[in-house]
4 protein chains.
Amino acid sequence: MDNAELRIGMVGYAFMGAAHSQAWRTVNRVFDLPVRARMVAVCGRDGAKAAAAADRLGWEGHMTDWRALVARDDIDVVDVCTPGDSHAEIATAALAAGKHVLCEKPLSNTVDEARAMTTAAAHASSAGVRSACGYNYRRVPAVALMRELIADGRLGAIRHVRAAYLQDWITDPGFPLVWRLQRERAGSGALGDIGSHIIDLTQYVTGQRITGVSALTETFVRERPRLDGPGAGPVTVDDAALFTARLDGGAVATYEATRFATGRRNALRVEVNGSLGSLAFDLERLNELEFHDATAPAREGGFRRVLVTEPDHPYMSAWWLPGCVIGYEHSFTHEVRDFMAAVAAGEDPTPSFADALQVQLVLDAVERSARLDSSWTKVES
Amino acid sequence: MDNAELRIGMVGYAFMGAAHSQAWRTVNRVFDLPVRARMVAVCGRDGAKAAAAADRLGWEGHMTDWRALVARDDIDVVDVCTPGDSHAEIATAALAAGKHVLCEKPLSNTVDEARAMTTAAAHASSAGVRSACGYNYRRVPAVALMRELIADGRLGAIRHVRAAYLQDWITDPGFPLVWRLQRERAGSGALGDIGSHIIDLTQYVTGQRITGVSALTETFVRERPRLDGPGAGPVTVDDAALFTARLDGGAVATYEATRFATGRRNALRVEVNGSLGSLAFDLERLNELEFHDATAPAREGGFRRVLVTEPDHPYMSAWWLPGCVIGYEHSFTHEVRDFMAAVAAGEDPTPSFADALQVQLVLDAVERSARLDSSWTKVES
Amino acid sequence: MDNAELRIGMVGYAFMGAAHSQAWRTVNRVFDLPVRARMVAVCGRDGAKAAAAADRLGWEGHMTDWRALVARDDIDVVDVCTPGDSHAEIATAALAAGKHVLCEKPLSNTVDEARAMTTAAAHASSAGVRSACGYNYRRVPAVALMRELIADGRLGAIRHVRAAYLQDWITDPGFPLVWRLQRERAGSGALGDIGSHIIDLTQYVTGQRITGVSALTETFVRERPRLDGPGAGPVTVDDAALFTARLDGGAVATYEATRFATGRRNALRVEVNGSLGSLAFDLERLNELEFHDATAPAREGGFRRVLVTEPDHPYMSAWWLPGCVIGYEHSFTHEVRDFMAAVAAGEDPTPSFADALQVQLVLDAVERSARLDSSWTKVES
Amino acid sequence: MDNAELRIGMVGYAFMGAAHSQAWRTVNRVFDLPVRARMVAVCGRDGAKAAAAADRLGWEGHMTDWRALVARDDIDVVDVCTPGDSHAEIATAALAAGKHVLCEKPLSNTVDEARAMTTAAAHASSAGVRSACGYNYRRVPAVALMRELIADGRLGAIRHVRAAYLQDWITDPGFPLVWRLQRERAGSGALGDIGSHIIDLTQYVTGQRITGVSALTETFVRERPRLDGPGAGPVTVDDAALFTARLDGGAVATYEATRFATGRRNALRVEVNGSLGSLAFDLERLNELEFHDATAPAREGGFRRVLVTEPDHPYMSAWWLPGCVIGYEHSFTHEVRDFMAAVAAGEDPTPSFADALQVQLVLDAVERSARLDSSWTKVES
């Protein structure tokens, strides 16, 4: 490996692959890093489509066999952007081949796979091979600022976490039975797809972990038109998942993930209340953070809208000027920036596979609780 | 009873009594009604304080014995504004004496009392004696508009209810052990005090009832300084109550009531998502209703901020001009307006004691679920 | 005059009279004052309507001749709620008769009248007879808080004032030719009606006075259906007035008053930028004040939404609890509270007729500038 | 010229050069276009810095002499990102050399230069050589949507334009005397730098042109520390410019551009009121457009927050998913997209130099009015 170059191979080139490509292309144009990302090859099953994607997204080459990609000597990093059912196999093989791995979230569709991946990652780490899971919203500057303010003690003792990830893209019963609505491909529905984000994000910003949950899930539309033929087929994942939780620092929490919140296109909302203050965030206004500092006089107190575009805000000195907002895609640029920096420094990036496994264990507890009439269910360790 | 006059006697003159007094004083100045409220007497245990309250709040007389007030011939309505532990006794006696009763919420501190009150109210109703419970937020114009829009089918099938009542007045551990923090006086904590409001409000606007819950409660500060002596005493009610629920029309819901949401002074927030649209409300901006109509083209769609001050909005033609906002106290004026109108028409006002009992049964299910490790608990009928 | 009683006579009982009545009725129920308002008589030209208004609004009696009202021995205060063309005559007569006068804004329709009224008020003051003009928005708690924060130096040197009063009630060309659209009755259009409010309010909160203006006015709909007969008549006042200004403390300013801002029902918006911070207010959210403190670290800085419902906010300790909002009408209750307190203390209330004359002089400068092709026009003194 | 390739040379590599580079790098990765941008060379006076910029920003080569760049055969487009005092010379030379030109705004520092550039552009156009000026905010999707809705007649007759561009980066008197504060380099201050944006944007969205203005300008801090030596030097440009205006379609308008609006980092705000509706935009929330449709029933009307991330919103089908927001830099990507599409189609892109000249003429009228005591000043043609 050329010290100055980190040679990337990406598996999958759909929506998430496009977002990652934008990040790999941009990161060194904006951030000062000791290594440069080189976009060596993208891999997909359909050769023509993979070639078109390589051309469109800026990859030097393309491949159709991820095993061949993993085996290449001229690749240092494997970026796994496929659906969750293939994460374990690809990531484990890549680690075994000595490649650093950035794997999209959720880590896998099952706890067992996630455990195996975590074991593989720990083993690889001892040989200097790095891995991380792509919970990109950690890298939104406002979210990173939440974590900093809480870590600085500005909220005091955390009492409440209130998290919802609201979408509405399948409210129409005529929306077809895509892979995300099939358990064997997606693992779960709103829960794993977007619920996992708010689990990770809230644990990240508070520094606390969920210890137990009480959950219910619902599938509002139980059959949908098949994509690959006539007629309808069963939806086998949740449309919505709701749960209460306790965190190990004493906070209580509500969580909700749904694809049926009409009019909420991508509203990831988190509020944290502590003894000294509160923070609130909404992904639809990702450049803003609401901060209430209860130590200030009540006469002039209130939630302030921090426009997170200042040079001393996380990641922002590299971008434009104060008041110039950034977007969704920048979270990925920051993600690969942090990944590259860790690899260059010989350190394990975060969130680790172990961190991502813990999210998986929360998802598992949610599903078990929902099956057991919402009874309180401990998160396994 | 003089047909043109409704002679009111009020028991209790603290915060809620002051709010009710403002309503009784104002209602006929603003609304056209076939009867006039006459503020005959206010009653409280301390004679000097009751006299001062009468003078201050505009009551013709004052008394110290509520039984004597209930017995007066020149009183038609008893307005019960005492803490919850005395509601049952006063309201039942008043009904027995043939007085119409407006009773503050929650109806009582126990289900047994609430059942007895409901039986008494039904019996009284058959004799033309009316009763209602004071869930005043139903009378906020934006809330009434929510109900109208949902009843008109504008939201289609209701999928989600998301309700939180967030306050922060006891986050300071030095805040004393007031009656609201003692189970024997208050019945419960945040749950009964403000959780009851969001239960009633969401059932009212959706026209659906909660059938089961999974709950947890928490008391963050377990001891507080005594008001009546040195040292600290135990807090015997919940500081926060969180629960998920199912409604009988198929919706799933999250509820949260807390006194520890730092910076949220009185944030009653409700969002309802349906197959055709969504509505959102925040009591801190009580003149506004957010409405998303999903049947409009997405290109120009979005949550619109309806400023609920138009003549064709509920209650508003009686007030000022479009754009002239109203406040918290107006919900009580509307409440007594509706109460008086029903009494004058010989009809039962709403919410009835039976409606309020049902809220009580939900509160009871929440407490039982919380005691049973959040297991799913059906609401009794 | 009974020391404990302030006997009020009100002239005019339309919209503004109803608002004032609510204030007189409520003020002693909420505020501790050394005097009590007694609502002795309301006066209007039509006897039957005046009687109905008295009954509805809570006045002991009614009259049809304001001169008779002014002459009554049992009246201490004359509250002038008529259109602007009669202010001068009524207020001057009342002062001459030794009555304290609260006169609605704008003070009069012409500068000459306003000068005469101011002379009369000064003369009366030396005899202990008080007078004030009803710029009620000064008494909105958030506005009063703006003034306090600026007076405390929290904004440093004021650089910018940005004021707009946006309404939309005559955007329909079919809206009829009411008195407010006729110069002889109303004096001017949006300018005097609502422009006067933002002139007074911005001068009040900044403590600075406008020294010169450059203005344009526009009448978009030049003819409207007559109310009193067939056909259309000419609109003789402005629909909109826009001007830039300089204040005597060095600030520059933009002002806009319009009745054609579609969708803005009653949006009085003011922003003030100073060297140390900024404040912003919108009457449609009158319980909120946006405050930016630039002396705080930029990393956590931003406009904070102060919910102006705390006990240490102006006027608010008398009302409900933190988070319980108030409305439009409360500004009048606060206005009469301040008026009564000043009268009781033997002091001149504010804004004085002299203050209101100065607003009139600004309005006059605006109209002169608009006639002279927007050329810079000094405000006379 | 290779039909499939548009070879770009950029002059200037500071802030604006970085933003343009991001756009040139990204445009073909996101948009389908018949030509590809190839980033051939960046040019700057300092060779080492230019080399570093080329390396950082992704340009194949670098140069120190813009005349040499203009003369290169292997360059098709010259992108002018220098301060305004050199625009005329570079752009004119490039056009003369047959290069298409994209020139940053404002077009030039003087009307005379702008006129000459416009003549050169018209001459070049007849030979198939294209030019445009970089008013990038036209390409913000919400702004483009404003234009579409107005062009569709959704606002009816335009009555009001209310535009402000508020920044605060020089409120500190210790901020040094940078080139933007010197007339000979920058032409003017807030007026030309950001006032030009709101002039162009409002004319663009309304399709109307400003015909006359009445203006005032102010320099709050008249001396600032020199960058290139000890002591202070004079600020020779405006800190703030305020003006009223009339548009040729009958609307009246207020404009304000300032660098002293403390707490407003980059708040470009535009509101347009028409007879049928209104639109409002704030650059700090650039993914949102507020739309009020007055033809809808008032009972459910209100400004709706359109999240401009739908596939049928301008430019957005190329990006991510609904609810995934974009940022400041995307306006430049859209700008070069439109420029490239026009060049490929053999059409003149917009805004043309003639459009930009007209903005210049408005700026000129503003400055003349400000010098002449705000007297009404027609915009020359």
# chains A, B, ... in the order shown; residues from 1 in each chain; ligands from 1
>>> residues_around(residues="B:Pro322", least_positions_apart="5", cutoff="9 Å", atoms="only C-alpha atoms", output="PDB file with C-alpha atoms, in the first residue's frame")
ATOM      1  CA  LEU B 307     -53.325  30.650  12.109  1.00  0.00           C
ATOM      2  CA  VAL B 308     -56.511  29.657  13.876  1.00  0.00           C
ATOM      3  CA  THR B 309     -57.997  33.116  14.217  1.00  0.00           C
ATOM      4  CA  GLU B 310     -60.475  33.170  11.346  1.00  0.00           C
ATOM      5  CA  PRO B 311     -64.207  33.741  11.844  1.00  0.00           C
ATOM      6  CA  MET B 316     -63.229  32.613  16.998  1.00  0.00           C
TER       7      MET B 316
ATOM      8  CA  TRP C 169     -57.865  42.290   4.688  1.00  0.00           C
ATOM      9  CA  ARG C 265     -53.206  38.517   8.779  1.00  0.00           C
ATOM     10  CA  ASN C 266     -51.711  40.697  11.465  1.00  0.00           C
TER      11      ASN C 266
END
>>> residues_around(residues="B:Ser125", least_positions_apart="2", cutoff="10 Å", atoms="only C-alpha atoms", output="VMD selection string")
chain B and resid 95 98 100 119 to 123 127 to 131 346 to 348
>>> interface_residues(of="chain C", to="chain B", cutoff="8 Å", atoms="only C-alpha atoms", output="CSV table (one decimal) with all heavy atoms, in the first residue's frame")
chain,number,residue,atom,x,y,z
C,15,PHE,N,-65.1,47.8,17.6
C,15,PHE,CA,-64.1,46.8,17.9
C,15,PHE,C,-63.2,47.3,19.0
C,15,PHE,O,-62.9,46.6,19.9
C,15,PHE,CB,-63.2,46.6,16.6
C,15,PHE,CG,-62.1,45.6,16.8
C,15,PHE,CD1,-62.3,44.3,16.9
C,15,PHE,CD2,-60.8,46.1,17.0
C,15,PHE,CE1,-61.3,43.4,17.1
C,15,PHE,CE2,-59.8,45.2,17.2
C,15,PHE,CZ,-60.0,43.8,17.2
C,22,GLN,N,-63.1,44.9,27.7
C,22,GLN,CA,-62.5,43.7,28.3
C,22,GLN,C,-61.4,44.0,29.2
C,22,GLN,O,-61.2,43.4,30.3
C,22,GLN,CB,-62.0,42.7,27.1
C,22,GLN,CG,-61.2,41.5,27.6
C,22,GLN,CD,-62.1,40.4,28.1
C,22,GLN,OE1,-63.3,40.6,28.3
C,22,GLN,NE2,-61.5,39.2,28.2
C,26,THR,N,-61.3,43.5,33.4
C,26,THR,CA,-60.4,42.5,33.9
C,26,THR,C,-59.3,43.0,34.8
C,26,THR,O,-58.8,42.3,35.6
C,26,THR,CB,-59.7,41.8,32.6
C,26,THR,OG1,-60.8,41.3,31.8
C,26,THR,CG2,-58.8,40.7,33.0
C,28,ASN,N,-58.6,44.8,37.4
C,28,ASN,CA,-58.5,44.7,38.9
C,28,ASN,C,-58.7,43.2,39.3
C,28,ASN,O,-58.4,42.9,40.5
C,28,ASN,CB,-59.6,45.5,39.5
C,28,ASN,CG,-59.2,47.0,39.4
C,28,ASN,OD1,-60.0,47.8,38.7
C,28,ASN,ND2,-58.2,47.5,40.0
C,29,ARG,N,-59.1,42.4,38.4
C,29,ARG,CA,-59.2,41.0,38.8
C,29,ARG,C,-57.8,40.3,38.7
C,29,ARG,O,-57.7,39.2,39.2
C,29,ARG,CB,-60.1,40.2,37.8
C,29,ARG,CG,-61.5,40.8,37.7
C,29,ARG,CD,-62.2,40.9,39.0
C,29,ARG,NE,-63.5,41.5,39.0
C,29,ARG,CZ,-64.1,41.9,40.1
C,29,ARG,NH1,-63.6,41.7,41.3
C,29,ARG,NH2,-65.3,42.5,40.0
C,30,VAL,N,-56.9,41.0,38.1
C,30,VAL,CA,-55.6,40.3,37.8
C,30,VAL,C,-54.5,41.1,38.5
C,30,VAL,O,-53.5,40.5,39.0
C,30,VAL,CB,-55.4,40.2,36.3
C,30,VAL,CG1,-54.0,39.7,36.0
C,30,VAL,CG2,-56.5,39.4,35.7
C,56,ARG,N,-73.9,44.3,26.8
C,56,ARG,CA,-73.0,43.2,26.4
C,56,ARG,C,-71.6,43.4,27.0
C,56,ARG,O,-71.0,42.4,27.5
C,56,ARG,CB,-72.9,43.3,24.8
C,56,ARG,CG,-71.8,42.4,24.2
C,56,ARG,CD,-72.2,40.9,24.6
C,56,ARG,NE,-71.4,40.0,23.7
C,56,ARG,CZ,-71.8,39.5,22.6
C,56,ARG,NH1,-73.0,39.7,22.2
C,56,ARG,NH2,-71.0,38.7,21.9
C,57,LEU,N,-71.1,44.6,27.0
C,57,LEU,CA,-69.7,44.8,27.4
C,57,LEU,C,-69.6,45.1,28.9
C,57,LEU,O,-68.4,45.2,29.4
C,57,LEU,CB,-69.1,46.0,26.6
C,57,LEU,CG,-69.2,45.8,25.1
C,57,LEU,CD1,-68.7,47.0,24.3
C,57,LEU,CD2,-68.3,44.5,24.7
C,58,GLY,N,-70.7,45.3,29.6
C,58,GLY,CA,-70.6,45.4,31.1
C,58,GLY,C,-70.5,46.8,31.6
C,58,GLY,O,-69.9,47.0,32.6
C,264,ARG,N,-50.7,37.3,5.3
C,264,ARG,CA,-50.2,37.9,6.6
C,264,ARG,C,-51.4,38.6,7.2
C,264,ARG,O,-51.8,39.7,6.8
C,264,ARG,CB,-49.0,38.8,6.3
C,264,ARG,CG,-47.9,38.3,5.6
C,264,ARG,CD,-47.2,37.1,6.3
C,264,ARG,NE,-46.0,36.6,5.6
C,264,ARG,CZ,-45.4,35.4,5.9
C,264,ARG,NH1,-45.9,34.7,6.9
C,264,ARG,NH2,-44.4,35.0,5.3
C,265,ARG,N,-51.9,38.0,8.2
C,265,ARG,CA,-53.2,38.5,8.8
C,265,ARG,C,-53.0,39.7,9.7
C,265,ARG,O,-53.7,40.7,9.7
C,265,ARG,CB,-53.9,37.4,9.5
C,265,ARG,CG,-54.2,36.2,8.7
C,265,ARG,CD,-55.1,36.6,7.5
C,265,ARG,NE,-56.5,36.3,7.7
C,265,ARG,CZ,-57.4,36.9,7.0
C,265,ARG,NH1,-57.1,37.8,6.1
C,265,ARG,NH2,-58.7,36.7,7.2
C,266,ASN,N,-52.0,39.6,10.5
C,266,ASN,CA,-51.7,40.7,11.5
C,266,ASN,C,-50.3,40.6,11.9
C,266,ASN,O,-49.9,40.6,13.1
C,266,ASN,CB,-52.6,40.5,12.7
C,266,ASN,CG,-52.8,41.8,13.5
C,266,ASN,OD1,-52.7,42.9,12.9
C,266,ASN,ND2,-53.0,41.7,14.8
C,267,ALA,N,-49.4,40.6,10.9
C,267,ALA,CA,-48.0,40.4,11.2
C,267,ALA,C,-47.2,41.6,11.4
C,267,ALA,O,-46.6,42.2,10.5
C,267,ALA,CB,-47.4,39.6,10.0
C,284,GLU,N,-47.9,37.9,15.5
C,284,GLU,CA,-48.6,36.7,15.3
C,284,GLU,C,-48.1,35.6,16.3
C,284,GLU,O,-48.8,34.6,16.5
C,284,GLU,CB,-48.6,36.2,13.9
C,284,GLU,CG,-49.4,37.1,12.9
C,284,GLU,CD,-49.5,36.5,11.5
C,284,GLU,OE1,-48.8,35.5,11.2
C,284,GLU,OE2,-50.2,37.1,10.7
C,285,ARG,N,-46.9,35.8,16.9
C,285,ARG,CA,-46.4,34.9,17.9
C,285,ARG,C,-46.1,35.8,19.1
C,285,ARG,O,-44.9,35.9,19.5
C,285,ARG,CB,-45.2,34.1,17.4
C,285,ARG,CG,-45.6,33.0,16.5
C,285,ARG,CD,-44.5,32.2,16.0
C,285,ARG,NE,-45.0,31.0,15.2
C,285,ARG,CZ,-44.2,30.3,14.4
C,285,ARG,NH1,-42.9,30.6,14.3
C,285,ARG,NH2,-44.7,29.2,13.8
C,286,LEU,N,-47.1,36.4,19.7
C,286,LEU,CA,-46.8,37.6,20.6
C,286,LEU,C,-46.2,37.1,21.9
C,286,LEU,O,-45.8,38.0,22.7
C,286,LEU,CB,-48.0,38.5,20.7
C,286,LEU,CG,-49.2,38.1,21.5
C,286,LEU,CD1,-49.0,38.1,23.0
C,286,LEU,CD2,-50.3,39.1,21.1
C,320,TRP,N,-50.9,33.6,34.5
C,320,TRP,CA,-51.0,32.2,34.8
C,320,TRP,C,-49.7,31.6,35.2
C,320,TRP,O,-49.0,32.1,36.1
C,320,TRP,CB,-51.7,31.5,33.6
C,320,TRP,CG,-52.9,32.4,33.2
C,320,TRP,CD1,-53.1,33.1,32.0
C,320,TRP,CD2,-54.1,32.6,33.9
C,320,TRP,NE1,-54.3,33.8,32.0
C,320,TRP,CE2,-55.0,33.5,33.2
C,320,TRP,CE3,-54.6,32.1,35.1
C,320,TRP,CZ2,-56.2,33.9,33.6
C,320,TRP,CZ3,-55.9,32.6,35.6
C,320,TRP,CH2,-56.6,33.4,34.8
C,322,PRO,N,-45.8,29.8,33.9
C,322,PRO,CA,-44.9,29.8,32.8
C,322,PRO,C,-45.4,28.8,31.7
C,322,PRO,O,-45.8,27.7,32.0
C,322,PRO,CB,-43.6,29.3,33.4
C,322,PRO,CG,-43.7,29.8,34.8
C,322,PRO,CD,-45.1,29.6,35.2
C,323,GLY,N,-45.3,29.2,30.5
C,323,GLY,CA,-45.8,28.4,29.4
C,323,GLY,C,-47.3,28.6,29.1
C,323,GLY,O,-47.7,28.1,28.0
C,324,CYS,N,-48.0,29.3,29.9
C,324,CYS,CA,-49.4,29.6,29.6
C,324,CYS,C,-49.5,30.9,28.9
C,324,CYS,O,-49.2,32.0,29.5
C,324,CYS,CB,-50.2,29.6,30.9
C,324,CYS,SG,-50.4,28.1,31.7
C,325,VAL,N,-49.8,30.9,27.6
C,325,VAL,CA,-49.7,32.1,26.8
C,325,VAL,C,-50.8,33.0,27.0
C,325,VAL,O,-51.9,32.6,27.4
C,325,VAL,CB,-49.5,31.7,25.3
C,325,VAL,CG1,-48.3,30.8,25.1
C,325,VAL,CG2,-50.8,31.0,24.8
C,326,ILE,N,-50.6,34.3,26.6
C,326,ILE,CA,-51.7,35.3,26.6
C,326,ILE,C,-52.0,35.7,25.2
C,326,ILE,O,-51.3,35.2,24.2
C,326,ILE,CB,-51.3,36.5,27.5
C,326,ILE,CG1,-50.1,37.2,27.0
C,326,ILE,CG2,-51.2,36.1,28.9
C,326,ILE,CD1,-49.8,38.5,27.6
C,327,GLY,N,-52.9,36.6,25.0
C,327,GLY,CA,-53.3,37.0,23.6
C,327,GLY,C,-53.4,38.5,23.4
C,327,GLY,O,-52.8,39.3,24.2
C,328,TYR,N,-53.9,38.8,22.3
C,328,TYR,CA,-54.0,40.2,21.8
C,328,TYR,C,-54.7,41.1,22.9
C,328,TYR,O,-54.2,42.2,23.1
C,328,TYR,CB,-54.9,40.2,20.5
C,328,TYR,CG,-55.4,41.5,20.0
C,328,TYR,CD1,-54.5,42.4,19.4
C,328,TYR,CD2,-56.7,41.9,20.2
C,328,TYR,CE1,-55.0,43.6,18.9
C,328,TYR,CE2,-57.2,43.1,19.7
C,328,TYR,CZ,-56.3,43.9,19.1
C,328,TYR,OH,-56.8,45.1,18.6
C,329,GLU,N,-55.8,40.7,23.4
C,329,GLU,CA,-56.5,41.5,24.3
C,329,GLU,C,-55.7,42.0,25.6
C,329,GLU,O,-56.0,43.0,26.2
C,329,GLU,CB,-57.8,40.8,24.7
C,329,GLU,CG,-57.6,39.7,25.7
C,329,GLU,CD,-58.8,38.8,25.9
C,329,GLU,OE1,-59.3,38.4,24.9
C,329,GLU,OE2,-59.2,38.5,27.0
>>> closest_residue(among="A:Met10, A:Leu69, A:Ala232, A:Ile158", to="A:Gly274", atoms="only C-alpha atoms")
A:Ile158
>>> atom_distance(atom1="atom CA of C:Ala51", atom2="atom CA of C:Leu102")
22.0 Å
>>> residues_around(residues="stretch 352-356 of chain A", least_positions_apart="4", cutoff="7 Å", atoms="only C-alpha atoms", output="list in words")
Leu107, Met117, Thr118, Ala121, Ser131, Ala132, Cys133 and Gln360 of chain A
>>> write_last_selection(atoms="N, CA and C atoms", output="PDB file, in the first residue's frame")
ATOM      1  N   LEU A 107     -25.542  -3.374  10.489  1.00  0.00           N
ATOM      2  CA  LEU A 107     -24.361  -4.212  10.247  1.00  0.00           C
ATOM      3  C   LEU A 107     -24.747  -5.487   9.515  1.00  0.00           C
ATOM      4  N   MET A 117     -19.283 -11.112  12.552  1.00  0.00           N
ATOM      5  CA  MET A 117     -18.557 -10.001  11.946  1.00  0.00           C
ATOM      6  C   MET A 117     -17.713  -9.270  12.993  1.00  0.00           C
ATOM      7  N   THR A 118     -18.277  -9.153  14.178  1.00  0.00           N
ATOM      8  CA  THR A 118     -17.565  -8.442  15.241  1.00  0.00           C
ATOM      9  C   THR A 118     -16.323  -9.224  15.662  1.00  0.00           C
ATOM     10  N   ALA A 121     -13.825  -8.712  13.007  1.00  0.00           N
ATOM     11  CA  ALA A 121     -13.253  -7.376  13.045  1.00  0.00           C
ATOM     12  C   ALA A 121     -12.220  -7.236  14.151  1.00  0.00           C
ATOM     13  N   SER A 131     -12.013  -1.543  10.616  1.00  0.00           N
ATOM     14  CA  SER A 131     -13.388  -1.679  10.151  1.00  0.00           C
ATOM     15  C   SER A 131     -14.289  -0.700  10.891  1.00  0.00           C
ATOM     16  N   ALA A 132     -15.355  -0.332  10.212  1.00  0.00           N
ATOM     17  CA  ALA A 132     -16.340   0.564  10.821  1.00  0.00           C
ATOM     18  C   ALA A 132     -17.669   0.362  10.119  1.00  0.00           C
ATOM     19  N   CYS A 133     -18.720   0.760  10.806  1.00  0.00           N
ATOM     20  CA  CYS A 133     -20.064   0.655  10.252  1.00  0.00           C
ATOM     21  C   CYS A 133     -20.592   2.069   9.959  1.00  0.00           C
ATOM     22  N   GLN A 360     -27.606  -3.769  16.931  1.00  0.00           N
ATOM     23  CA  GLN A 360     -28.329  -4.971  16.468  1.00  0.00           C
ATOM     24  C   GLN A 360     -29.010  -5.685  17.635  1.00  0.00           C
TER      25      GLN A 360
END
>>> closest_residue(among="A:Val27, A:Ala91, A:Val205, A:Ile8", to="A:Ala318", atoms="only C-alpha atoms")
A:Val27
>>> residues_around(residues="A:Leu6", least_positions_apart="2", cutoff="10 Å", atoms="only C-alpha atoms", output="ChimeraX atom specification")
/A:1-4,8-9,34-40,74-77,100,340,343-344
>>> write_last_selection(atoms="C-alpha atoms", output="PDB file, in the first residue's frame")
ATOM      1  CA  MET A   1       0.000   0.000   0.000  1.00  0.00           C
ATOM      2  CA  ASP A   2       1.199   3.399  -0.962  1.00  0.00           C
ATOM      3  CA  ASN A   3       1.246   5.446   2.228  1.00  0.00           C
ATOM      4  CA  ALA A   4      -0.151   8.397   0.406  1.00  0.00           C
ATOM      5  CA  ILE A   8     -11.000   1.916  -2.537  1.00  0.00           C
ATOM      6  CA  GLY A   9     -13.193  -0.828  -3.930  1.00  0.00           C
ATOM      7  CA  PRO A  34      -2.403  12.299   5.209  1.00  0.00           C
ATOM      8  CA  VAL A  35      -3.853   9.881   2.660  1.00  0.00           C
ATOM      9  CA  ARG A  36      -5.742  10.237  -0.563  1.00  0.00           C
ATOM     10  CA  ALA A  37      -8.709   8.180  -1.591  1.00  0.00           C
ATOM     11  CA  ARG A  38      -8.322   6.552  -4.990  1.00  0.00           C
ATOM     12  CA  MET A  39     -11.504   5.158  -6.432  1.00  0.00           C
ATOM     13  CA  VAL A  40     -10.198   1.953  -7.982  1.00  0.00           C
ATOM     14  CA  ASP A  74      -4.361  -2.984  -5.477  1.00  0.00           C
ATOM     15  CA  ILE A  75      -7.260  -2.402  -3.170  1.00  0.00           C
ATOM     16  CA  ASP A  76      -6.866  -1.335   0.455  1.00  0.00           C
ATOM     17  CA  VAL A  77     -10.454  -0.649   1.492  1.00  0.00           C
ATOM     18  CA  HIS A 100     -10.080  -2.344   5.748  1.00  0.00           C
ATOM     19  CA  MET A 340      -9.446   7.587   6.419  1.00  0.00           C
ATOM     20  CA  VAL A 343      -6.744   4.182   9.069  1.00  0.00           C
ATOM     21  CA  ALA A 344      -3.895   6.580   8.409  1.00  0.00           C
TER      22      ALA A 344
END
